[in-house]
file structure10.cif (mmCIF, C-alpha atoms (C1' of nucleotides))
data_start
#
loop_
_atom_site.label_atom_id
_atom_site.label_comp_id
_atom_site.auth_asym_id
_atom_site.auth_seq_id
_atom_site.Cartn_x
_atom_site.Cartn_y
_atom_site.Cartn_z
CA MET H 29 0.00 0.00 0.00
CA SER H 30 3.02 2.28 0.30
CA ARG H 31 3.83 3.88 -2.99
CA PRO H 32 6.45 2.03 -5.02
CA SER H 33 10.05 2.81 -4.28
CA PHE H 34 12.37 4.24 -6.87
CA ARG H 35 14.01 0.89 -7.39
CA GLU H 36 10.66 -0.73 -8.02
CA GLN H 37 9.77 1.91 -10.55
CA VAL H 38 13.03 1.34 -12.40
CA LEU H 39 12.29 -2.37 -12.39
CA ARG H 40 8.86 -1.75 -13.80
CA VAL H 41 10.18 0.42 -16.61
CA ARG H 42 12.81 -2.14 -17.48
CA GLU H 43 10.35 -5.00 -17.56
CA ASP H 44 7.96 -2.93 -19.60
CA ALA H 45 10.71 -2.38 -22.17
CA ILE H 46 11.35 -6.11 -22.25
CA VAL H 47 7.69 -6.95 -22.78
CA SER H 48 7.46 -4.35 -25.53
CA ALA H 49 10.36 -5.96 -27.35
CA VAL H 50 8.85 -9.41 -26.91
CA ASN H 51 5.52 -8.14 -28.17
CA ARG H 52 7.07 -6.70 -31.30
CA LEU H 53 9.22 -9.74 -32.07
CA LEU H 54 6.32 -12.08 -31.37
CA ALA H 55 4.21 -10.17 -33.86
CA GLU H 56 7.00 -10.14 -36.42
CA LYS H 57 8.36 -13.68 -36.27
CA GLY H 58 6.14 -15.71 -34.01
CA PHE H 59 7.14 -17.68 -30.95
CA ASP H 60 9.31 -20.33 -32.58
CA LEU H 61 11.45 -17.95 -34.61
CA MET H 62 11.77 -15.39 -31.84
CA THR H 63 15.04 -15.87 -29.94
CA VAL H 64 15.88 -14.76 -26.44
CA ASP H 65 19.12 -13.36 -27.87
CA GLY H 66 17.03 -11.22 -30.19
CA VAL H 67 14.95 -9.92 -27.32
CA ALA H 68 18.04 -9.05 -25.29
CA ALA H 69 19.59 -7.29 -28.26
CA GLU H 70 16.47 -5.24 -28.89
CA VAL H 71 16.19 -4.23 -25.25
CA GLY H 72 19.91 -3.55 -25.12
CA ILE H 73 20.76 -5.71 -22.13
CA ALA H 74 22.54 -9.00 -21.64
CA LYS H 75 20.60 -12.20 -22.03
CA ALA H 76 21.44 -13.29 -18.50
CA SER H 77 19.77 -10.13 -17.23
CA LEU H 78 16.60 -11.09 -19.03
CA TYR H 79 16.48 -14.32 -17.09
CA LYS H 80 16.58 -12.37 -13.83
CA HIS H 81 13.21 -10.95 -14.83
CA PHE H 82 11.61 -13.89 -16.58
CA ALA H 83 12.41 -17.52 -15.96
CA SER H 84 11.93 -18.80 -19.50
CA LYS H 85 11.07 -17.94 -23.05
CA GLU H 86 7.55 -19.15 -22.40
CA GLU H 87 7.20 -16.70 -19.54
CA LEU H 88 8.31 -13.91 -21.82
CA ALA H 89 5.60 -14.80 -24.28
CA GLY H 90 3.09 -15.11 -21.47
CA ALA H 91 3.88 -11.62 -20.22
CA ALA H 92 3.42 -10.21 -23.71
CA MET H 93 0.10 -12.01 -24.08
CA VAL H 94 -1.13 -10.71 -20.74
CA ARG H 95 -0.31 -7.20 -21.78
CA VAL H 96 -2.09 -7.55 -25.08
CA LEU H 97 -5.11 -8.99 -23.32
CA ASP H 98 -5.06 -6.07 -20.90
CA LYS H 99 -4.97 -3.63 -23.78
CA THR H 100 -7.85 -5.47 -25.41
CA LEU H 101 -9.87 -5.46 -22.20
CA ALA H 102 -9.21 -1.75 -21.83
CA GLU H 103 -10.50 -1.20 -25.35
CA VAL H 104 -13.58 -3.30 -24.59
CA GLU H 105 -14.20 -1.25 -21.45
CA ARG H 106 -13.88 1.94 -23.44
CA LEU H 107 -16.43 0.68 -25.95
CA ARG H 108 -18.81 -0.42 -23.22
CA SER H 109 -19.15 3.17 -22.08
CA ASP H 110 -21.05 3.84 -25.29
CA LYS H 111 -24.40 2.49 -24.17
CA ALA H 112 -26.14 3.59 -27.32
CA ALA H 113 -24.13 1.41 -29.68
CA ALA H 114 -25.67 -1.84 -30.86
CA PRO H 115 -23.89 -4.99 -29.62
CA VAL H 116 -22.95 -6.01 -33.13
CA GLU H 117 -21.31 -2.64 -33.64
CA GLN H 118 -19.33 -3.12 -30.45
CA LEU H 119 -18.13 -6.46 -31.77
CA LYS H 120 -17.15 -4.89 -35.06
CA ALA H 121 -15.34 -2.10 -33.26
CA VAL H 122 -13.20 -4.40 -31.15
CA THR H 123 -12.46 -6.57 -34.18
CA ARG H 124 -11.37 -3.50 -36.12
CA TRP H 125 -9.13 -2.59 -33.22
CA ALA H 126 -7.50 -6.03 -33.21
CA MET H 127 -6.91 -5.99 -36.96
CA ARG H 128 -5.34 -2.53 -36.76
CA GLU H 129 -3.03 -3.81 -34.06
CA GLN H 130 -1.98 -6.64 -36.33
CA LEU H 131 -1.35 -4.25 -39.21
CA ALA H 132 0.76 -2.11 -36.88
CA GLY H 133 2.90 -5.12 -35.99
CA GLN H 134 1.62 -5.07 -32.42
CA MET H 135 -0.41 -8.24 -32.32
CA PRO H 136 1.55 -11.29 -31.15
CA SER H 137 0.10 -14.51 -32.46
CA LEU H 138 1.14 -17.70 -30.79
CA PRO H 139 1.09 -21.16 -32.31
CA SER H 140 -1.62 -23.29 -30.80
CA GLU H 141 0.37 -26.47 -31.46
CA ASN H 142 3.41 -25.81 -29.26
CA SER H 143 2.67 -27.84 -26.15
CA THR H 144 5.31 -26.45 -23.82
CA LEU H 145 4.12 -22.93 -24.54
CA ARG H 146 0.51 -23.92 -24.12
CA ALA H 147 1.22 -25.59 -20.80
CA ALA H 148 3.08 -22.52 -19.53
CA LEU H 149 0.24 -20.22 -20.54
CA LEU H 150 -2.44 -22.35 -18.93
CA ALA H 151 -0.35 -22.47 -15.76
CA SER H 152 -0.38 -18.69 -15.58
CA LYS H 153 -3.37 -17.53 -13.59
CA THR H 154 -3.08 -13.95 -14.81
CA TYR H 155 -3.21 -15.16 -18.39
CA VAL H 156 -6.10 -17.56 -17.92
CA ASP H 157 -8.08 -15.00 -15.92
CA ARG H 158 -7.81 -12.43 -18.67
CA VAL H 159 -8.74 -14.89 -21.38
CA MET H 160 -11.81 -15.85 -19.39
CA GLU H 161 -12.77 -12.25 -18.73
CA LEU H 162 -12.41 -11.28 -22.38
CA GLY H 163 -14.49 -14.29 -23.36
CA ASP H 164 -17.18 -13.22 -20.91
CA ARG H 165 -17.27 -9.64 -22.13
CA LEU H 166 -17.44 -10.60 -25.80
CA GLY H 167 -19.85 -13.39 -24.98
CA GLU H 168 -22.31 -10.87 -23.55
CA TRP H 169 -22.23 -8.83 -26.72
CA ILE H 170 -22.61 -11.92 -28.86
CA THR H 171 -25.63 -13.14 -26.91
CA MET H 172 -27.23 -9.71 -27.02
CA ALA H 173 -26.52 -9.34 -30.73
CA GLN H 174 -28.11 -12.71 -31.40
CA ALA H 175 -31.15 -11.85 -29.30
CA ALA H 176 -31.49 -8.61 -31.23
CA GLY H 177 -31.30 -10.44 -34.55
CA GLN H 178 -28.05 -8.76 -35.54
CA ILE H 179 -25.91 -11.88 -35.38
CA ASP H 180 -27.14 -15.13 -36.88
CA GLY H 181 -28.89 -16.88 -34.00
CA SER H 182 -28.33 -20.32 -35.48
CA LEU H 183 -24.58 -20.06 -34.92
CA PRO H 184 -23.15 -21.38 -31.65
CA PRO H 185 -21.90 -18.37 -29.66
CA GLU H 186 -18.51 -20.03 -29.22
CA LEU H 187 -18.15 -20.26 -32.99
CA VAL H 188 -18.80 -16.54 -33.26
CA LEU H 189 -16.25 -15.87 -30.52
CA TYR H 190 -13.52 -17.98 -32.10
CA THR H 191 -14.23 -16.54 -35.52
CA LEU H 192 -13.71 -13.04 -34.14
CA TYR H 193 -10.56 -14.08 -32.26
CA ALA H 194 -9.18 -15.48 -35.49
CA ARG H 195 -9.38 -12.06 -37.15
CA ALA H 196 -6.56 -10.89 -34.88
CA CYS H 197 -4.18 -13.29 -36.61
CA ASP H 198 -5.87 -13.61 -39.99
CA PRO H 199 -3.21 -14.29 -42.64
CA VAL H 200 -5.41 -12.62 -45.24
CA ILE H 201 -4.53 -9.28 -43.68
CA GLY H 202 -0.81 -9.78 -44.23
CA VAL H 203 -1.30 -11.06 -47.76
CA LEU H 204 -3.47 -8.11 -48.72
CA LYS H 205 -0.91 -5.75 -47.25
CA SER H 206 1.90 -7.38 -49.19
CA THR H 207 0.04 -6.78 -52.47
CA ALA H 208 0.22 -3.05 -51.69
CA ASN H 209 -3.10 -2.53 -53.43
CA TYR H 210 -4.96 -1.32 -50.37
CA SER H 211 -4.49 1.05 -47.48
CA ASP H 212 -4.57 -0.34 -43.98
CA GLU H 213 -8.07 0.99 -43.42
CA GLU H 214 -9.31 -0.54 -46.65
CA ILE H 215 -7.90 -3.89 -45.57
CA VAL H 216 -9.61 -3.64 -42.21
CA GLU H 217 -12.97 -2.86 -43.78
CA LEU H 218 -12.66 -5.52 -46.47
CA VAL H 219 -11.83 -8.28 -44.02
CA LEU H 220 -14.46 -7.06 -41.57
CA LYS H 221 -17.03 -7.15 -44.35
CA THR H 222 -16.22 -10.71 -45.36
CA CYS H 223 -16.30 -11.70 -41.70
CA PHE H 224 -19.71 -10.27 -40.86
CA ASP H 225 -21.44 -10.28 -44.22
CA GLY H 226 -19.81 -13.31 -45.82
CA LEU H 227 -18.58 -13.88 -49.34
CA ALA H 228 -22.01 -14.65 -50.77
CA ALA H 229 -24.05 -11.80 -52.18
CA ARG H 230 -26.76 -10.58 -49.85
CA GLY H 231 -29.90 -10.77 -51.92
CA GLU H 232 -33.50 -9.79 -51.21
CA ARG H 233 -34.66 -12.93 -49.48
CA ALA H 234 -33.74 -14.61 -46.24
CA MET S 87 9.52 -42.56 -73.06
CA SER S 88 10.69 -46.05 -72.10
CA ARG S 89 8.81 -47.28 -69.09
CA PRO S 90 10.54 -46.69 -65.77
CA SER S 91 13.03 -49.24 -64.65
CA PHE S 92 12.61 -51.19 -61.47
CA ARG S 93 15.17 -49.03 -59.73
CA GLU S 94 13.30 -45.90 -60.69
CA GLN S 95 10.07 -47.35 -59.38
CA VAL S 96 11.67 -48.16 -56.04
CA LEU S 97 13.01 -44.63 -55.91
CA ARG S 98 9.58 -43.25 -56.58
CA VAL S 99 7.98 -45.31 -53.85
CA ARG S 100 10.64 -44.28 -51.37
CA GLU S 101 10.31 -40.61 -52.17
CA ASP S 102 6.56 -40.88 -51.97
CA ALA S 103 6.88 -42.32 -48.48
CA ILE S 104 9.16 -39.43 -47.53
CA VAL S 105 6.75 -36.83 -48.84
CA SER S 106 3.88 -38.52 -47.02
CA ALA S 107 5.76 -38.31 -43.74
CA VAL S 108 6.65 -34.68 -44.39
CA ASN S 109 3.06 -33.93 -45.24
CA ARG S 110 1.81 -35.43 -42.01
CA LEU S 111 4.42 -33.79 -39.81
CA LEU S 112 3.93 -30.45 -41.54
CA ALA S 113 0.22 -30.66 -40.82
CA GLU S 114 0.83 -31.69 -37.23
CA LYS S 115 3.62 -29.37 -36.13
CA GLY S 116 4.24 -26.87 -38.87
CA PHE S 117 7.50 -26.16 -40.62
CA ASP S 118 9.48 -24.73 -37.73
CA LEU S 119 8.73 -27.52 -35.28
CA MET S 120 9.12 -30.27 -37.82
CA THR S 121 12.63 -31.77 -37.65
CA VAL S 122 14.48 -33.66 -40.34
CA ASP S 123 15.32 -36.24 -37.68
CA GLY S 124 11.61 -36.67 -37.11
CA VAL S 125 10.96 -37.19 -40.80
CA ALA S 126 13.75 -39.77 -41.04
CA ALA S 127 12.41 -41.58 -38.00
CA GLU S 128 8.89 -41.70 -39.39
CA VAL S 129 10.05 -42.98 -42.75
CA GLY S 130 12.38 -45.44 -41.06
CA ILE S 131 15.58 -44.46 -42.83
CA ALA S 132 18.72 -42.59 -41.83
CA LYS S 133 18.78 -38.84 -42.03
CA ALA S 134 21.71 -38.89 -44.44
CA SER S 135 19.61 -40.96 -46.82
CA LEU S 136 16.96 -38.28 -46.80
CA TYR S 137 19.49 -35.78 -48.02
CA LYS S 138 20.25 -37.99 -51.03
CA HIS S 139 16.67 -37.37 -52.13
CA PHE S 140 16.12 -33.78 -51.00
CA ALA S 141 18.84 -31.19 -50.55
CA SER S 142 17.31 -29.33 -47.63
CA LYS S 143 14.44 -29.09 -45.20
CA GLU S 144 12.93 -26.40 -47.40
CA GLU S 145 12.95 -28.76 -50.37
CA LEU S 146 11.15 -31.35 -48.30
CA ALA S 147 8.44 -28.85 -47.48
CA GLY S 148 8.28 -27.78 -51.10
CA ALA S 149 7.74 -31.33 -52.26
CA ALA S 150 4.91 -31.76 -49.77
CA MET S 151 3.30 -28.54 -50.90
CA VAL S 152 3.53 -29.53 -54.55
CA ARG S 153 1.82 -32.79 -53.79
CA VAL S 154 -0.96 -31.09 -51.85
CA LEU S 155 -1.44 -28.62 -54.68
CA ASP S 156 -1.62 -31.51 -57.13
CA LYS S 157 -4.25 -33.20 -55.03
CA THR S 158 -6.18 -29.94 -54.85
CA LEU S 159 -5.94 -29.43 -58.60
CA ALA S 160 -7.16 -32.98 -59.12
CA GLU S 161 -10.13 -32.27 -56.91
CA VAL S 162 -10.84 -29.07 -58.81
CA GLU S 163 -10.68 -30.97 -62.08
CA ARG S 164 -13.08 -33.55 -60.73
CA LEU S 165 -15.52 -30.81 -59.73
CA ARG S 166 -15.23 -29.10 -63.09
CA SER S 167 -16.68 -32.15 -64.75
CA ASP S 168 -20.00 -31.28 -63.14
CA LYS S 169 -21.06 -28.64 -65.57
CA ALA S 170 -24.45 -28.21 -63.97
CA ALA S 171 -23.15 -27.01 -60.62
CA ALA S 172 -23.22 -23.29 -59.92
CA PRO S 173 -19.76 -21.69 -59.59
CA VAL S 174 -20.41 -20.75 -55.97
CA GLU S 175 -21.21 -24.38 -55.22
CA GLN S 176 -17.95 -25.45 -56.82
CA LEU S 177 -16.11 -23.00 -54.59
CA LYS S 178 -17.91 -24.34 -51.55
CA ALA S 179 -17.13 -27.89 -52.55
CA VAL S 180 -13.40 -27.32 -52.90
CA THR S 181 -13.35 -25.37 -49.64
CA ARG S 182 -15.12 -28.25 -47.90
CA TRP S 183 -12.53 -30.58 -49.34
CA ALA S 184 -9.67 -28.46 -47.99
CA MET S 185 -11.20 -28.24 -44.53
CA ARG S 186 -11.73 -31.99 -44.43
CA GLU S 187 -8.10 -32.47 -45.34
CA GLN S 188 -7.12 -30.22 -42.43
CA LEU S 189 -9.35 -32.16 -40.06
CA ALA S 190 -7.77 -35.38 -41.27
CA GLY S 191 -4.30 -34.02 -40.46
CA GLN S 192 -3.39 -33.95 -44.15
CA MET S 193 -3.14 -30.24 -44.78
CA PRO S 194 0.33 -28.80 -44.31
CA SER S 195 0.26 -25.14 -43.47
CA LEU S 196 3.43 -23.18 -43.86
CA PRO S 197 4.35 -19.97 -42.10
CA SER S 198 4.28 -17.02 -44.46
CA GLU S 199 6.91 -15.20 -42.39
CA ASN S 200 9.85 -17.59 -42.79
CA SER S 201 11.94 -15.97 -45.48
CA THR S 202 14.29 -18.85 -46.28
CA LEU S 203 11.33 -21.14 -46.83
CA ARG S 204 9.53 -18.56 -48.89
CA ALA S 205 12.57 -18.00 -51.05
CA ALA S 206 13.00 -21.73 -51.62
CA LEU S 207 9.34 -22.13 -52.58
CA LEU S 208 9.36 -19.23 -55.00
CA ALA S 209 12.51 -20.65 -56.58
CA SER S 210 10.68 -23.89 -57.31
CA LYS S 211 9.04 -23.69 -60.70
CA THR S 212 6.84 -26.71 -60.07
CA TYR S 213 5.50 -25.05 -56.92
CA VAL S 214 4.92 -21.64 -58.45
CA ASP S 215 3.30 -23.15 -61.54
CA ARG S 216 0.79 -25.04 -59.46
CA VAL S 217 -0.03 -22.07 -57.29
CA MET S 218 -0.68 -20.03 -60.40
CA GLU S 219 -2.80 -22.73 -61.98
CA LEU S 220 -4.91 -23.17 -58.88
CA GLY S 221 -5.36 -19.42 -58.65
CA ASP S 222 -6.50 -19.37 -62.26
CA ARG S 223 -9.00 -22.18 -61.81
CA LEU S 224 -10.51 -20.73 -58.67
CA GLY S 225 -10.37 -17.25 -60.17
CA GLU S 226 -12.61 -18.40 -63.01
CA TRP S 227 -15.22 -19.69 -60.61
CA ILE S 228 -15.02 -16.53 -58.52
CA THR S 229 -15.52 -14.30 -61.53
CA MET S 230 -18.40 -16.41 -62.77
CA ALA S 231 -20.01 -16.50 -59.34
CA GLN S 232 -19.76 -12.73 -59.08
CA ALA S 233 -21.24 -12.27 -62.54
CA ALA S 234 -24.09 -14.56 -61.56
CA GLY S 235 -24.75 -12.59 -58.38
CA GLN S 236 -23.81 -15.51 -56.13
CA ILE S 237 -20.66 -13.94 -54.71
CA ASP S 238 -20.67 -10.32 -53.58
CA GLY S 239 -19.55 -8.39 -56.65
CA SER S 240 -18.19 -5.53 -54.58
CA LEU S 241 -15.42 -7.72 -53.17
CA PRO S 242 -12.09 -7.79 -55.02
CA PRO S 243 -11.69 -11.28 -56.51
CA GLU S 244 -8.28 -11.64 -54.88
CA LEU S 245 -9.86 -11.04 -51.48
CA VAL S 246 -12.31 -13.85 -52.15
CA LEU S 247 -9.47 -16.11 -53.26
CA TYR S 248 -7.30 -15.44 -50.20
CA THR S 249 -10.28 -15.80 -47.90
CA LEU S 250 -10.96 -19.25 -49.33
CA TYR S 251 -7.29 -20.23 -49.16
CA ALA S 252 -7.28 -19.24 -45.49
CA ARG S 253 -9.98 -21.80 -44.70
CA ALA S 254 -7.45 -24.56 -45.35
CA CYS S 255 -5.46 -23.41 -42.33
CA ASP S 256 -8.22 -21.81 -40.29
CA PRO S 257 -7.36 -22.16 -36.59
CA VAL S 258 -11.08 -22.09 -35.77
CA ILE S 259 -11.33 -25.61 -37.14
CA GLY S 260 -8.78 -26.96 -34.70
CA VAL S 261 -10.28 -25.10 -31.77
CA LEU S 262 -13.76 -26.38 -32.52
CA LYS S 263 -12.40 -29.90 -32.82
CA SER S 264 -10.63 -29.62 -29.47
CA THR S 265 -13.90 -28.71 -27.77
CA ALA S 266 -15.24 -32.09 -28.88
CA ASN S 267 -18.72 -30.60 -29.19
CA TYR S 268 -19.05 -31.17 -32.90
CA SER S 269 -18.43 -33.85 -35.47
CA ASP S 270 -16.00 -33.16 -38.26
CA GLU S 271 -18.81 -32.63 -40.72
CA GLU S 272 -20.57 -30.21 -38.39
CA ILE S 273 -17.35 -28.23 -38.06
CA VAL S 274 -16.97 -28.10 -41.83
CA GLU S 275 -20.49 -26.84 -42.34
CA LEU S 276 -20.32 -24.31 -39.50
CA VAL S 277 -17.10 -22.76 -40.73
CA LEU S 278 -18.30 -22.86 -44.33
CA LYS S 279 -21.47 -21.06 -43.29
CA THR S 280 -19.63 -18.28 -41.48
CA CYS S 281 -17.32 -17.96 -44.47
CA PHE S 282 -19.98 -17.60 -47.14
CA ASP S 283 -22.93 -16.22 -45.19
CA GLY S 284 -21.07 -14.20 -42.54
CA LEU S 285 -21.73 -13.80 -38.85
CA ALA S 286 -24.47 -11.22 -39.28
CA ALA S 287 -28.04 -12.40 -39.57
CA ARG S 288 -29.36 -12.47 -43.10
CA GLY S 289 -32.55 -10.45 -42.91
CA GLU S 290 -35.25 -9.69 -45.49
CA ARG S 291 -33.73 -6.65 -47.11
CA ALA S 292 -30.65 -6.13 -49.24
"C1'" DG J 202 20.80 -6.99 -11.27
"C1'" DT J 203 24.16 -6.41 -14.72
"C1'" DC J 204 27.76 -8.33 -17.15
"C1'" DT J 205 31.05 -12.11 -19.69
"C1'" DA J 206 31.62 -16.69 -20.50
"C1'" DT J 207 30.03 -21.15 -21.01
"C1'" DA J 208 27.42 -25.25 -20.36
"C1'" DA J 209 24.07 -28.35 -22.51
"C1'" DG J 210 21.55 -29.83 -26.13
"C1'" DA J 211 18.82 -29.63 -30.36
"C1'" DG J 212 18.88 -29.62 -35.17
"C1'" DG J 213 20.51 -28.99 -40.11
"C1'" DA J 214 23.82 -30.80 -42.94
"C1'" DT J 215 27.95 -33.71 -44.40
"C1'" DA J 216 31.97 -37.35 -44.52
"C1'" DG J 217 33.18 -41.54 -45.63
"C1'" DA J 218 32.65 -46.64 -45.32
"C1'" DC J 219 29.96 -50.18 -47.51
"C1'" DG M 3 21.74 -45.00 -51.81
"C1'" DT M 4 22.04 -46.56 -47.27
"C1'" DC M 5 24.25 -46.49 -43.13
"C1'" DT M 6 27.07 -44.60 -38.70
"C1'" DA M 7 29.46 -41.01 -36.93
"C1'" DT M 8 30.44 -36.39 -36.83
"C1'" DC M 9 30.56 -31.36 -37.61
"C1'" DC M 10 28.88 -26.99 -36.74
"C1'" DT M 11 25.75 -23.54 -35.77
"C1'" DC M 12 22.14 -21.73 -33.22
"C1'" DT M 13 19.54 -21.35 -28.98
"C1'" DT M 14 18.06 -21.94 -24.27
"C1'" DA M 15 19.65 -21.50 -19.95
"C1'" DT M 16 23.06 -20.89 -16.10
"C1'" DA M 17 27.64 -19.88 -13.45
"C1'" DG M 18 30.10 -16.73 -11.32
"C1'" DA M 19 32.55 -12.18 -11.06
"C1'" DC M 20 31.42 -7.34 -10.05
#

call {"tool": "encode", "arguments": {"input": "structure10.cif", "output": "structure tokens"}}
result
Amino acid sequence: MSRPSFREQVLRVREDAIVSAVNRLLAEKGFDLMTVDGVAAEVGIAKASLYKHFASKEELAGAAMVRVLDKTLAEVERLRSDKAAAPVEQLKAVTRWAMREQLAGQMPSLPSENSTLRAALLASKTYVDRVMELGDRLGEWITMAQAAGQIDGSLPPELVLYTLYARACDPVIGVLKSTANYSDEEIVELVLKTCFDGLAARGERA
Amino acid sequence: MSRPSFREQVLRVREDAIVSAVNRLLAEKGFDLMTVDGVAAEVGIAKASLYKHFASKEELAGAAMVRVLDKTLAEVERLRSDKAAAPVEQLKAVTRWAMREQLAGQMPSLPSENSTLRAALLASKTYVDRVMELGDRLGEWITMAQAAGQIDGSLPPELVLYTLYARACDPVIGVLKSTANYSDEEIVELVLKTCFDGLAARGERA
DNA sequence: GTCTATAAGAGGATAGAC
DNA sequence: GTCTATCCTCTTATAGAC
């Protein structure tokens, strides 16, 4: 309850710099190709010093994921303050946000296959808590949007949730960017449109 | 033009076994986590023998990709024989096929970030040729489907193409499977529905 | 807590006998 | 072309001085 000491503040700043580097490298190369040496080099400290802050590469990734989840939850909270917005618009807004983060090279995407990483993440209470909370928040919007007839009510809510999550690491975004035919905002709107409206033409009938 | 000798046939069979193992491991772990030792072990030969057939790990992956593209092109050709089917149904059919392959652990998905792999693939004429041919075949159906008002004509055809490609490595499929709430066929139809019809409810008006 | 130096091991690729 | 044995680099992680 006492305010943090100077040393603690320095520690915080240092660790924040580390997590930022991890976040960027995770977004750029992914977990497997990211090296601890690379992180140390980007932060500008020795690798051994890194291990004084985080016990393993998996913990580094976990810290970056927690921070990204916190940022996402903050964005969700910000959107929730707009009571007038329809639930489906809230869902679109947070999806836009996630896709912009990916385009900015700020969205780490972890492989779901790597078992050691997965085990480490699931062992982290802070990580699991945030995943659950985000799922709850988005789940509320999804349920409301389905009740209001804005989201297809025949779809399992979990399918809707996972489909939205997947937009944050959609490879289509990177491919479209590499063609250099579209601005970032155009990419966001194109992918968002295919996600919510589908590829099929929307005709006159149901 | 003479028919292959016995030795050549043996070689073919051996290389086919290698590519099968690569294909499976690539689908299971991805390129980065797949090891050449693992491939050798699965085939049941020494690692050095592998290198008599393929010069590098990248070439192994390339061979697997070429084979998968060939299988896809064969499936496309099979579908083309049904002249009565609407183009959009052809696109759905080939997408279903790709998703089933993923569910069966037969769809290798390569990271787009890895530059050495990318360079090796683009240097392979057989690979590039097949990618181009598949793009042409699917592009025809996309254009026809848009002209017929079955696919949203406001979407750039390349966006439609990439969106369909992405279904072959859609992480949503794996997540849904891990929940064990749905059969493989249910997963295929759910993801196909979100892809073509979108998350939003399809109401009465355009 | 930061550093230099190094252990320990995985993994891609090759040498050389057969 | 297949094998065993080995090389060599990269990478995770730690030891130990300051």

call {"tool": "closest_residue", "arguments": {"input": "structure10.cif", "among": "S:Ala134, S:Leu112, S:Leu196, S:Ala286", "to": "chain J", "atoms": "all atoms listed in the file"}}
result
S:Ala134

call {"tool": "closest_atom_pairs", "arguments": {"input": "structure10.cif", "of": "chain M", "to": "stretch 202-214 of chain J", "cutoff": "10 Å", "atoms": "all atoms listed in the file", "output": "CSV"}}
result
residue,atom,partner,partner_atom,distance
M:DC9,C1',J:DA214,C1',8.6
M:DC10,C1',J:DA214,C1',8.9
M:DT11,C1',J:DG213,C1',8.7
M:DC12,C1',J:DG212,C1',8.8
M:DT13,C1',J:DA211,C1',8.4
M:DT14,C1',J:DG210,C1',8.8
M:DA15,C1',J:DA209,C1',8.5
M:DT16,C1',J:DA208,C1',7.5
M:DA17,C1',J:DT207,C1',8.0
M:DG18,C1',J:DA206,C1',9.3
M:DA19,C1',J:DC204,C1',8.7
M:DC20,C1',J:DC204,C1',8.0

call {"tool": "atom_distance", "arguments": {"input": "structure10.cif", "atom1": "atom CA of H:Met160", "atom2": "atom CA of H:Met93"}}
result
13.4 Å

call {"tool": "resolve_selection", "arguments": {"input": "structure10.cif", "expression": "the PyMOL selection byres ((chain J and resi 215-219) around 12)", "output": "number ranges by chain"}}
result
S: 133-135, 137-138, 141-142; J: 213-214; M: 3-10

call {"tool": "atom_distance", "arguments": {"input": "structure10.cif", "atom1": "atom CA of H:Ala92", "atom2": "atom CA of S:Asn200"}}
result
21.4 Å

call {"tool": "atom_distance", "arguments": {"input": "structure10.cif", "atom1": "atom CA of H:Leu189", "atom2": "atom CA of S:Leu247"}}
result
23.7 Å

call {"tool": "interface_residues", "arguments": {"input": "structure10.cif", "of": "chain H", "to": "chain S", "cutoff": "10 Å", "atoms": "all atoms listed in the file", "output": "PyMOL selection string"}}
result
chain H and resi 56-58+60-61+116+139-142+173-174+176-184+186-194+197-204+207+215+218-234

call {"tool": "closest_residue", "arguments": {"input": "structure10.cif", "among": "S:Glu163, S:Asp215, S:Asp123, S:Asp270", "to": "chain J", "atoms": "only C-alpha atoms (C1' of nucleotides)"}}
result
S:Asp123

call {"tool": "residues_around", "arguments": {"input": "structure10.cif", "residues": "H:Gly90", "least_positions_apart": "5", "cutoff": "9 Å", "atoms": "all atoms listed in the file", "output": "tab-separated table (two decimals) with C-alpha atoms, in the coordinates of the input"}}
result
chain	number	residue	atom	x	y	z
H	85	LYS	CA	11.07	-17.94	-23.05
H	95	ARG	CA	-0.31	-7.20	-21.78
H	145	LEU	CA	4.12	-22.93	-24.54
H	148	ALA	CA	3.08	-22.52	-19.53
H	149	LEU	CA	0.24	-20.22	-20.54
H	152	SER	CA	-0.38	-18.69	-15.58
H	155	TYR	CA	-3.21	-15.16	-18.39

call {"tool": "closest_residue", "arguments": {"input": "structure10.cif", "among": "H:Ala49, H:Ala132, H:Ala69, H:Leu166", "to": "H:Val104", "atoms": "all atoms listed in the file"}}
result
H:Leu166
